[in-house]
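The data block below is query_2.pdb; it holds PDB, C-alpha atoms, pLDDT in the B column.
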ATOM      1  CA  MET A  17     116.020-166.766  51.055  1.00 83.00           C
ATOM      2  CA  SER A  18     115.423-166.117  47.417  1.00 93.00           C
ATOM      3  CA  VAL A  19     117.616-163.690  45.535  1.00 95.00           C
ATOM      4  CA  GLN A  20     114.573-161.515  44.855  1.00 96.00           C
ATOM      5  CA  MET A  21     113.747-161.209  48.560  1.00 97.00           C
ATOM      6  CA  VAL A  22     117.326-160.261  49.386  1.00 97.00           C
ATOM      7  CA  LEU A  23     117.663-157.743  46.571  1.00 98.00           C
ATOM      8  CA  LEU A  24     114.269-156.048  46.813  1.00 98.00           C
ATOM      9  CA  PRO A  25     115.311-153.730  49.682  1.00 98.00           C
ATOM     10  CA  VAL A  26     118.466-152.899  47.723  1.00 98.00           C
ATOM     11  CA  PHE A  27     116.411-151.930  44.669  1.00 98.00           C
ATOM     12  CA  VAL A  28     114.070-149.822  46.800  1.00 98.00           C
ATOM     13  CA  LEU A  29     117.030-147.947  48.305  1.00 98.00           C
ATOM     14  CA  ILE A  30     118.541-147.454  44.856  1.00 98.00           C
ATOM     15  CA  GLY A  31     115.153-146.115  43.751  1.00 98.00           C
ATOM     16  CA  LEU A  32     115.328-143.520  46.517  1.00 98.00           C
ATOM     17  CA  THR A  33     118.814-142.540  45.364  1.00 98.00           C
ATOM     18  CA  PHE A  34     117.717-142.094  41.752  1.00 98.00           C
ATOM     19  CA  PHE A  35     114.646-140.126  42.857  1.00 98.00           C
ATOM     20  CA  LEU A  36     116.889-137.754  44.815  1.00 98.00           C
ATOM     21  CA  LEU A  37     119.300-137.533  41.864  1.00 98.00           C
ATOM     22  CA  LEU A  38     116.532-136.470  39.484  1.00 98.00           C
ATOM     23  CA  TRP A  39     115.116-134.047  42.037  1.00 98.00           C
ATOM     24  CA  MET A  40     118.566-132.536  42.599  1.00 96.00           C
ATOM     25  CA  VAL A  41     119.233-132.124  38.865  1.00 96.00           C
ATOM     26  CA  THR A  42     115.828-130.504  38.391  1.00 97.00           C
ATOM     27  CA  ALA A  43     116.326-128.157  41.346  1.00 96.00           C
ATOM     28  CA  ARG A  44     119.828-127.175  40.212  1.00 93.00           C
ATOM     29  CA  THR A  45     118.670-126.565  36.650  1.00 93.00           C
ATOM     30  CA  LYS A  46     115.808-124.372  37.879  1.00 94.00           C
ATOM     31  CA  ALA A  47     118.192-122.411  40.125  1.00 92.00           C
ATOM     32  CA  VAL A  48     120.494-121.674  37.182  1.00 91.00           C
ATOM     33  CA  LYS A  49     117.592-120.750  34.876  1.00 92.00           C
ATOM     34  CA  ALA A  50     116.094-118.503  37.568  1.00 92.00           C
ATOM     35  CA  ARG A  51     119.531-116.886  38.003  1.00 89.00           C
ATOM     36  CA  GLU A  52     119.636-117.789  41.674  1.00 87.00           C
ATOM     37  CA  THR A  53     123.136-119.034  40.897  1.00 86.00           C
ATOM     38  CA  SER A  54     125.359-118.903  37.840  1.00 81.00           C
ATOM     39  CA  LEU A  55     127.363-121.582  36.074  1.00 83.00           C
ATOM     40  CA  LYS A  56     130.632-119.815  36.873  1.00 79.00           C
ATOM     41  CA  ASP A  57     129.702-119.873  40.569  1.00 79.00           C
ATOM     42  CA  ILE A  58     129.324-123.667  40.557  1.00 80.00           C
ATOM     43  CA  ALA A  59     131.734-124.750  37.820  1.00 74.00           C
ATOM     44  CA  LEU A  60     134.294-126.151  40.262  1.00 73.00           C
ATOM     45  CA  GLY A  61     131.783-127.634  42.679  1.00 75.00           C
ATOM     46  CA  GLN A  62     131.576-124.623  44.933  1.00 72.00           C
ATOM     47  CA  PRO A  63     128.537-124.727  47.225  1.00 74.00           C
ATOM     48  CA  LYS A  64     126.821-121.685  45.760  1.00 85.00           C
ATOM     49  CA  TYR A  65     123.319-123.069  45.364  1.00 89.00           C
ATOM     50  CA  PRO A  66     120.317-121.649  47.197  1.00 91.00           C
ATOM     51  CA  ALA A  67     119.683-123.357  50.549  1.00 91.00           C
ATOM     52  CA  ARG A  68     116.789-125.535  49.322  1.00 95.00           C
ATOM     53  CA  VAL A  69     118.779-126.774  46.323  1.00 94.00           C
ATOM     54  CA  ALA A  70     121.792-127.490  48.538  1.00 93.00           C
ATOM     55  CA  GLN A  71     119.520-129.352  50.962  1.00 96.00           C
ATOM     56  CA  ILE A  72     118.336-131.718  48.221  1.00 97.00           C
ATOM     57  CA  GLY A  73     121.881-132.117  46.881  1.00 95.00           C
ATOM     58  CA  ASN A  74     123.256-132.901  50.333  1.00 96.00           C
ATOM     59  CA  CYS A  75     120.543-135.499  50.880  1.00 97.00           C
ATOM     60  CA  PHE A  76     121.477-137.118  47.570  1.00 97.00           C
ATOM     61  CA  SER A  77     125.180-137.111  48.476  1.00 96.00           C
ATOM     62  CA  ASN A  78     124.364-138.718  51.808  1.00 97.00           C
ATOM     63  CA  GLN A  79     123.100-141.790  49.933  1.00 97.00           C
ATOM     64  CA  PHE A  80     126.750-142.602  49.151  1.00 97.00           C
ATOM     65  CA  GLU A  81     127.931-142.712  52.735  1.00 97.00           C
ATOM     66  CA  VAL A  82     126.408-145.242  55.177  1.00 97.00           C
ATOM     67  CA  PRO A  83     124.334-147.031  52.498  1.00 98.00           C
ATOM     68  CA  LEU A  84     127.555-148.184  50.832  1.00 98.00           C
ATOM     69  CA  LEU A  85     128.169-150.434  53.823  1.00 98.00           C
ATOM     70  CA  PHE A  86     124.685-151.877  53.311  1.00 98.00           C
ATOM     71  CA  TYR A  87     125.310-152.548  49.625  1.00 98.00           C
ATOM     72  CA  LEU A  88     128.628-154.195  50.449  1.00 98.00           C
ATOM     73  CA  LEU A  89     127.046-156.415  53.066  1.00 98.00           C
ATOM     74  CA  ILE A  90     124.390-157.637  50.641  1.00 98.00           C
ATOM     75  CA  ALA A  91     126.971-158.068  47.871  1.00 98.00           C
ATOM     76  CA  LEU A  92     128.951-160.343  50.182  1.00 97.00           C
ATOM     77  CA  ALA A  93     126.085-162.143  51.920  1.00 97.00           C
ATOM     78  CA  LEU A  94     124.276-163.130  48.741  1.00 96.00           C
ATOM     79  CA  PRO A  95     127.006-165.123  46.939  1.00 95.00           C
ATOM     80  CA  LEU A  96     128.257-166.545  50.245  1.00 94.00           C
ATOM     81  CA  ARG A  97     124.715-167.788  50.952  1.00 93.00           C
ATOM     82  CA  ARG A  98     124.521-165.998  54.282  1.00 94.00           C
ATOM     83  CA  ALA A  99     121.514-163.825  53.441  1.00 95.00           C
ATOM     84  CA  ASP A 100     118.760-165.298  55.590  1.00 96.00           C
ATOM     85  CA  LEU A 101     115.442-164.052  56.959  1.00 97.00           C
ATOM     86  CA  PHE A 102     117.189-161.968  59.637  1.00 97.00           C
ATOM     87  CA  ILE A 103     119.299-160.170  57.006  1.00 98.00           C
ATOM     88  CA  VAL A 104     116.237-159.519  54.841  1.00 98.00           C
ATOM     89  CA  LEU A 105     114.142-158.186  57.728  1.00 98.00           C
ATOM     90  CA  MET A 106     116.963-155.982  58.971  1.00 98.00           C
ATOM     91  CA  SER A 107     117.524-154.776  55.399  1.00 98.00           C
ATOM     92  CA  TRP A 108     113.947-153.527  55.334  1.00 98.00           C
ATOM     93  CA  VAL A 109     114.393-151.822  58.701  1.00 98.00           C
ATOM     94  CA  PHE A 110     117.545-150.151  57.364  1.00 98.00           C
ATOM     95  CA  VAL A 111     115.730-149.014  54.214  1.00 98.00           C
ATOM     96  CA  VAL A 112     112.889-147.564  56.302  1.00 98.00           C
ATOM     97  CA  THR A 113     115.406-145.591  58.373  1.00 98.00           C
ATOM     98  CA  ARG A 114     117.000-144.271  55.178  1.00 98.00           C
ATOM     99  CA  PHE A 115     113.610-143.129  53.861  1.00 98.00           C
ATOM    100  CA  ALA A 116     112.881-141.481  57.219  1.00 98.00           C
ATOM    101  CA  HIS A 117     116.299-139.797  57.174  1.00 98.00           C
ATOM    102  CA  ALA A 118     115.827-138.550  53.609  1.00 98.00           C
ATOM    103  CA  GLY A 119     112.267-137.411  54.318  1.00 98.00           C
ATOM    104  CA  ILE A 120     113.387-135.370  57.304  1.00 98.00           C
ATOM    105  CA  PHE A 121     116.424-134.079  55.382  1.00 97.00           C
ATOM    106  CA  VAL A 122     114.373-132.637  52.496  1.00 97.00           C
ATOM    107  CA  THR A 123     111.466-131.320  54.576  1.00 97.00           C
ATOM    108  CA  SER A 124     111.951-129.874  58.061  1.00 96.00           C
ATOM    109  CA  ASN A 125     115.656-130.778  58.194  1.00 96.00           C
ATOM    110  CA  ASN A 126     115.250-131.037  61.949  1.00 97.00           C
ATOM    111  CA  ILE A 127     118.766-132.044  62.980  1.00 97.00           C
ATOM    112  CA  GLN A 128     117.633-133.926  66.099  1.00 98.00           C
ATOM    113  CA  GLN A 129     115.103-136.031  64.203  1.00 98.00           C
ATOM    114  CA  ARG A 130     117.428-136.508  61.252  1.00 98.00           C
ATOM    115  CA  SER A 131     120.273-137.594  63.540  1.00 98.00           C
ATOM    116  CA  LEU A 132     117.994-140.048  65.299  1.00 98.00           C
ATOM    117  CA  ALA A 133     116.939-141.602  61.962  1.00 98.00           C
ATOM    118  CA  TRP A 134     120.572-141.733  60.845  1.00 98.00           C
ATOM    119  CA  PHE A 135     121.714-143.309  64.111  1.00 98.00           C
ATOM    120  CA  ALA A 136     118.911-145.887  64.005  1.00 98.00           C
ATOM    121  CA  GLY A 137     119.986-146.889  60.502  1.00 98.00           C
ATOM    122  CA  ALA A 138     123.650-147.023  61.460  1.00 98.00           C
ATOM    123  CA  LEU A 139     122.824-149.161  64.488  1.00 98.00           C
ATOM    124  CA  VAL A 140     120.725-151.569  62.412  1.00 98.00           C
ATOM    125  CA  LEU A 141     123.555-151.814  59.906  1.00 98.00           C
ATOM    126  CA  LEU A 142     126.082-152.490  62.673  1.00 98.00           C
ATOM    127  CA  VAL A 143     123.886-155.303  63.990  1.00 98.00           C
ATOM    128  CA  MET A 144     123.635-156.708  60.464  1.00 98.00           C
ATOM    129  CA  TRP A 145     127.426-156.673  60.056  1.00 98.00           C
ATOM    130  CA  ILE A 146     128.008-158.301  63.443  1.00 97.00           C
ATOM    131  CA  TYR A 147     125.442-160.984  62.652  1.00 97.00           C
ATOM    132  CA  PHE A 148     126.949-161.566  59.206  1.00 97.00           C
ATOM    133  CA  ALA A 149     130.498-161.796  60.606  1.00 96.00           C
ATOM    134  CA  LEU A 150     129.437-164.210  63.332  1.00 95.00           C
ATOM    135  CA  LYS A 151     127.469-166.298  60.884  1.00 94.00           C
ATOM    136  CA  LEU A 152     130.362-166.440  58.461  1.00 92.00           C
ATOM    137  CA  LEU A 153     133.235-166.911  60.897  1.00 92.00           C
ATOM    138  CA  LEU A 154     131.496-169.174  63.389  1.00 89.00           C
ATOM    139  CA  LEU A 155     129.362-170.923  60.798  1.00 74.00           C
ATOM    140  CA  ILE A 156     126.174-170.372  62.798  1.00 66.00           C
TER
END
Take the structure in the file and write it out as C-alpha coordinates.
Amino acid sequence: MSVQMVLLPVFVLIGLTFFLLLWMVTARTKAVKARETSLKDIALGQPKYPARVAQIGNCFSNQFEVPLLFYLLIALALPLRRADLFIVLMSWVFVVTRFAHAGIFVTSNNIQQRSLAWFAGALVLLVMWIYFALKLLLLI
(Lines of atoms letter the chains of each structure in order from A and count residues from 1; the text may use other names and numbers.)
(Lines give C-alpha, C1' and ligand atoms only; values in the text may rest on other atoms or scores of the structure.)
Protein backbone atom coordinates (compact mmCIF):
# COMPACT_ATOMS: atom_id res chain seq x y z
CA MET A 1 0.00 0.00 0.00
CA SER A 2 1.19 3.47 -0.74
CA VAL A 3 1.81 5.91 2.07
CA GLN A 4 -0.90 8.18 0.65
CA MET A 5 -3.52 5.42 0.77
CA VAL A 6 -2.63 4.58 4.36
CA LEU A 7 -2.58 8.18 5.54
CA LEU A 8 -5.65 9.49 3.73
CA PRO A 9 -8.12 8.14 6.33
CA VAL A 10 -5.90 9.63 9.05
CA PHE A 11 -6.02 13.05 7.38
CA VAL A 12 -9.80 12.82 6.98
CA LEU A 13 -10.21 12.02 10.68
CA ILE A 14 -7.87 14.86 11.61
CA GLY A 15 -9.99 17.11 9.38
CA LEU A 16 -13.06 16.15 11.41
CA THR A 17 -11.19 16.98 14.61
CA PHE A 18 -10.15 20.42 13.35
CA PHE A 19 -13.68 21.10 12.10
CA LEU A 20 -15.05 20.31 15.57
CA LEU A 21 -12.31 22.44 17.17
CA LEU A 22 -13.24 25.48 15.09
CA TRP A 23 -16.94 24.90 15.68
CA MET A 24 -16.35 24.60 19.43
CA VAL A 25 -14.26 27.79 19.58
CA THR A 26 -16.91 29.66 17.60
CA ALA A 27 -19.74 28.35 19.78
CA ARG A 28 -17.87 29.17 23.00
CA THR A 29 -17.00 32.66 21.79
CA LYS A 30 -20.63 33.32 20.85
CA ALA A 31 -21.81 32.05 24.26
CA VAL A 32 -19.47 34.46 26.06
CA LYS A 33 -20.42 37.40 23.80
CA ALA A 34 -24.12 36.62 24.25
CA ARG A 35 -23.54 36.48 28.03
CA GLU A 36 -24.85 32.94 28.23
CA THR A 37 -21.73 32.29 30.29
CA SER A 38 -18.98 34.49 31.67
CA LEU A 39 -15.21 34.17 31.55
CA LYS A 40 -15.01 33.85 35.33
CA ASP A 41 -17.44 30.92 35.16
CA ILE A 42 -15.18 29.00 32.77
CA ALA A 43 -11.71 30.26 33.69
CA LEU A 44 -10.71 27.02 35.43
CA GLY A 45 -12.40 24.69 32.96
CA GLN A 46 -15.66 24.45 34.82
CA PRO A 47 -18.47 23.05 32.66
CA LYS A 48 -20.59 26.18 32.67
CA TYR A 49 -21.39 26.42 28.98
CA PRO A 50 -24.91 26.20 27.60
CA ALA A 51 -25.93 22.63 26.71
CA ARG A 52 -25.44 23.03 22.94
CA VAL A 53 -21.96 24.50 23.39
CA ALA A 54 -21.03 21.74 25.83
CA GLN A 55 -22.35 19.16 23.36
CA ILE A 56 -20.00 20.40 20.63
CA GLY A 57 -17.10 20.66 23.09
CA ASN A 58 -17.68 17.13 24.37
CA CYS A 59 -17.76 15.80 20.81
CA PHE A 60 -14.44 17.52 20.14
CA SER A 61 -12.91 16.10 23.33
CA ASN A 62 -14.09 12.63 22.34
CA GLN A 63 -11.78 12.80 19.30
CA PHE A 64 -8.85 12.35 21.72
CA GLU A 65 -10.05 9.11 23.22
CA VAL A 66 -10.53 6.02 21.00
CA PRO A 67 -9.07 7.68 17.87
CA LEU A 68 -5.69 7.87 19.60
CA LEU A 69 -5.48 4.09 19.37
CA PHE A 70 -6.17 4.39 15.64
CA TYR A 71 -3.43 6.98 15.17
CA LEU A 72 -1.00 4.82 17.12
CA LEU A 73 -1.81 1.77 15.05
CA ILE A 74 -1.16 3.62 11.79
CA ALA A 75 1.99 5.22 13.21
CA LEU A 76 3.31 1.74 13.97
CA ALA A 77 2.00 -0.12 10.93
CA LEU A 78 3.35 2.33 8.37
CA PRO A 79 7.09 2.27 9.21
CA LEU A 80 6.93 -1.45 10.01
CA ARG A 81 5.44 -2.05 6.55
CA ARG A 82 2.40 -3.83 7.93
CA ALA A 83 -0.20 -1.44 6.51
CA ASP A 84 -1.88 -3.49 3.81
CA LEU A 85 -5.22 -3.36 2.00
CA PHE A 86 -7.05 -4.81 5.02
CA ILE A 87 -5.67 -2.06 7.30
CA VAL A 88 -6.60 0.64 4.78
CA LEU A 89 -10.14 -0.67 4.28
CA MET A 90 -10.71 -1.06 8.01
CA SER A 91 -9.28 2.44 8.53
CA TRP A 92 -12.00 3.81 6.27
CA VAL A 93 -14.66 1.83 8.14
CA PHE A 94 -13.32 3.24 11.41
CA VAL A 95 -13.37 6.79 10.02
CA VAL A 96 -16.96 6.34 8.84
CA THR A 97 -17.98 5.20 12.33
CA ARG A 98 -16.27 8.26 13.82
CA PHE A 99 -18.15 10.57 11.45
CA ALA A 100 -21.41 8.79 12.32
CA HIS A 101 -20.62 9.09 16.03
CA ALA A 102 -19.79 12.79 15.73
CA GLY A 103 -22.84 13.45 13.56
CA ILE A 104 -25.15 11.85 16.09
CA PHE A 105 -23.31 13.57 18.97
CA VAL A 106 -23.83 17.10 17.60
CA THR A 107 -27.37 16.60 16.28
CA SER A 108 -29.90 14.38 18.06
CA ASN A 109 -27.37 13.11 20.62
CA ASN A 110 -29.42 9.94 20.77
CA ILE A 111 -27.41 7.91 23.28
CA GLN A 112 -28.46 4.53 21.84
CA GLN A 113 -27.46 5.46 18.29
CA ARG A 114 -24.31 7.23 19.44
CA SER A 115 -23.28 4.24 21.56
CA LEU A 116 -23.86 1.90 18.64
CA ALA A 117 -21.65 4.05 16.37
CA TRP A 118 -19.00 4.24 19.09
CA PHE A 119 -19.09 0.49 19.71
CA ALA A 120 -18.88 -0.27 15.98
CA GLY A 121 -15.78 1.91 15.72
CA ALA A 122 -14.22 0.38 18.81
CA LEU A 123 -14.89 -3.11 17.47
CA VAL A 124 -13.36 -2.27 14.09
CA LEU A 125 -10.33 -0.84 15.85
CA LEU A 126 -9.99 -3.96 18.01
CA VAL A 127 -10.06 -6.13 14.89
CA MET A 128 -7.41 -3.90 13.33
CA TRP A 129 -5.15 -4.24 16.39
CA ILE A 130 -5.58 -8.01 16.54
CA TYR A 131 -4.81 -8.30 12.83
CA PHE A 132 -1.78 -6.02 13.17
CA ALA A 133 -0.45 -7.96 16.19
CA LEU A 134 -0.91 -11.30 14.45
CA LYS A 135 0.68 -10.00 11.28
CA LEU A 136 3.63 -8.60 13.17
CA LEU A 137 4.20 -11.39 15.68
CA LEU A 138 3.40 -14.34 13.43
CA LEU A 139 4.76 -12.72 10.29
CA ILE A 140 1.60 -13.50 8.31
Would you kindly translate the PyMOL selection byres ((chain A and resi 96-112) around 7) into the concrete residues it picks from this file, as a list in words?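 Selected by the PyMOL selection byres ((chain A and resi 96-112) around 7) in this file: Met17, Met21, Val22, Pro25, Leu29, Leu92, Ala93, Leu94, Pro95, Thr113, Arg114, Phe115, Ala116, Gly137, Val140, Leu141 and Met144 of chain A.
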Can you tell me which residues surround Leu37 in chain A at a distance of at most 8 Å, considering all atoms listed in the file, apart from same-chain residues fewer than 3 positions away, and format the answer as JSON, numbers by chain? {"A": [33, 34, 40, 41, 73, 76]}
Pick from A:Leu38, A:Val143, A:Arg44, A:Phe121: nearest to Asn74 in chain A, with all atoms listed in the file counted? A:Phe121
Applied to the shown file, which residues does the PyMOL selection byres ((chain A and resi 51-53) around 12) return, written as a PyMOL selection string? chain A and resi 43-50+54-59+62-70
Kindly save the residues from that selection, with C-alpha atoms included, as a JSON list (two decimals), in the coordinates of the input.
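Okay, result.json is ready:
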[["chain", "number", "residue", "atom", "x", "y", "z"],
["A", 43, "ALA", "CA", 116.33, -128.16, 41.35],
["A", 44, "ARG", "CA", 119.83, -127.18, 40.21],
["A", 45, "THR", "CA", 118.67, -126.56, 36.65],
["A", 46, "LYS", "CA", 115.81, -124.37, 37.88],
["A", 47, "ALA", "CA", 118.19, -122.41, 40.12],
["A", 48, "VAL", "CA", 120.49, -121.67, 37.18],
["A", 49, "LYS", "CA", 117.59, -120.75, 34.88],
["A", 50, "ALA", "CA", 116.09, -118.50, 37.57],
["A", 54, "SER", "CA", 125.36, -118.90, 37.84],
["A", 55, "LEU", "CA", 127.36, -121.58, 36.07],
["A", 56, "LYS", "CA", 130.63, -119.82, 36.87],
["A", 57, "ASP", "CA", 129.70, -119.87, 40.57],
["A", 58, "ILE", "CA", 129.32, -123.67, 40.56],
["A", 59, "ALA", "CA", 131.73, -124.75, 37.82],
["A", 62, "GLN", "CA", 131.58, -124.62, 44.93],
["A", 63, "PRO", "CA", 128.54, -124.73, 47.22],
["A", 64, "LYS", "CA", 126.82, -121.68, 45.76],
["A", 65, "TYR", "CA", 123.32, -123.07, 45.36],
["A", 66, "PRO", "CA", 120.32, -121.65, 47.20],
["A", 67, "ALA", "CA", 119.68, -123.36, 50.55],
["A", 68, "ARG", "CA", 116.79, -125.54, 49.32],
["A", 69, "VAL", "CA", 118.78, -126.77, 46.32],
["A", 70, "ALA", "CA", 121.79, -127.49, 48.54]]
Two-atom distance - CA of Lys151 in chain A, CA of Ala138 in chain A (Å):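 Interatomic distance, CA of Lys151 in chain A to CA of Ala138 in chain A: 19.7 Å.
Checking A:Trp39, A:Leu89, A:Leu84, A:Gln79 one by one against Ala149 in chain A, counting all atoms listed in the file, you find the shortest gap at A:Leu89.
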Let me make sure I understand: among A:Ala91, A:Leu36, A:Leu152, A:Ile30, which one has the smallest atom-to-atom distance to Val122 in chain A if we use only C-alpha atoms? A:Leu36
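The coordinates place CA of Ser77 in chain A at 12.7 Å from CA of His117 in chain A.
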Coordinates-based distance that separates CA of Gln71 in chain A from CA of Tyr87 in chain A (Å, one decimal):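 Between CA of Tyr87 in chain A and CA of Gln71 in chain A the gap is 23.9 Å.
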With distances taken over all atoms listed in the file, which residue among A:Asn126, A:Leu150, A:Leu24, A:Ala118 lies nearest Cys75 in chain A?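 The shortest atom-to-atom distance to Cys75 in chain A comes from A:Ala118.
Comparing the minimum interatomic distances between Leu88 in chain A and each of A:Val28, A:Trp145, A:Gly61, A:Ser18, counting all atoms listed in the file, we find that A:Trp145 sits nearest.
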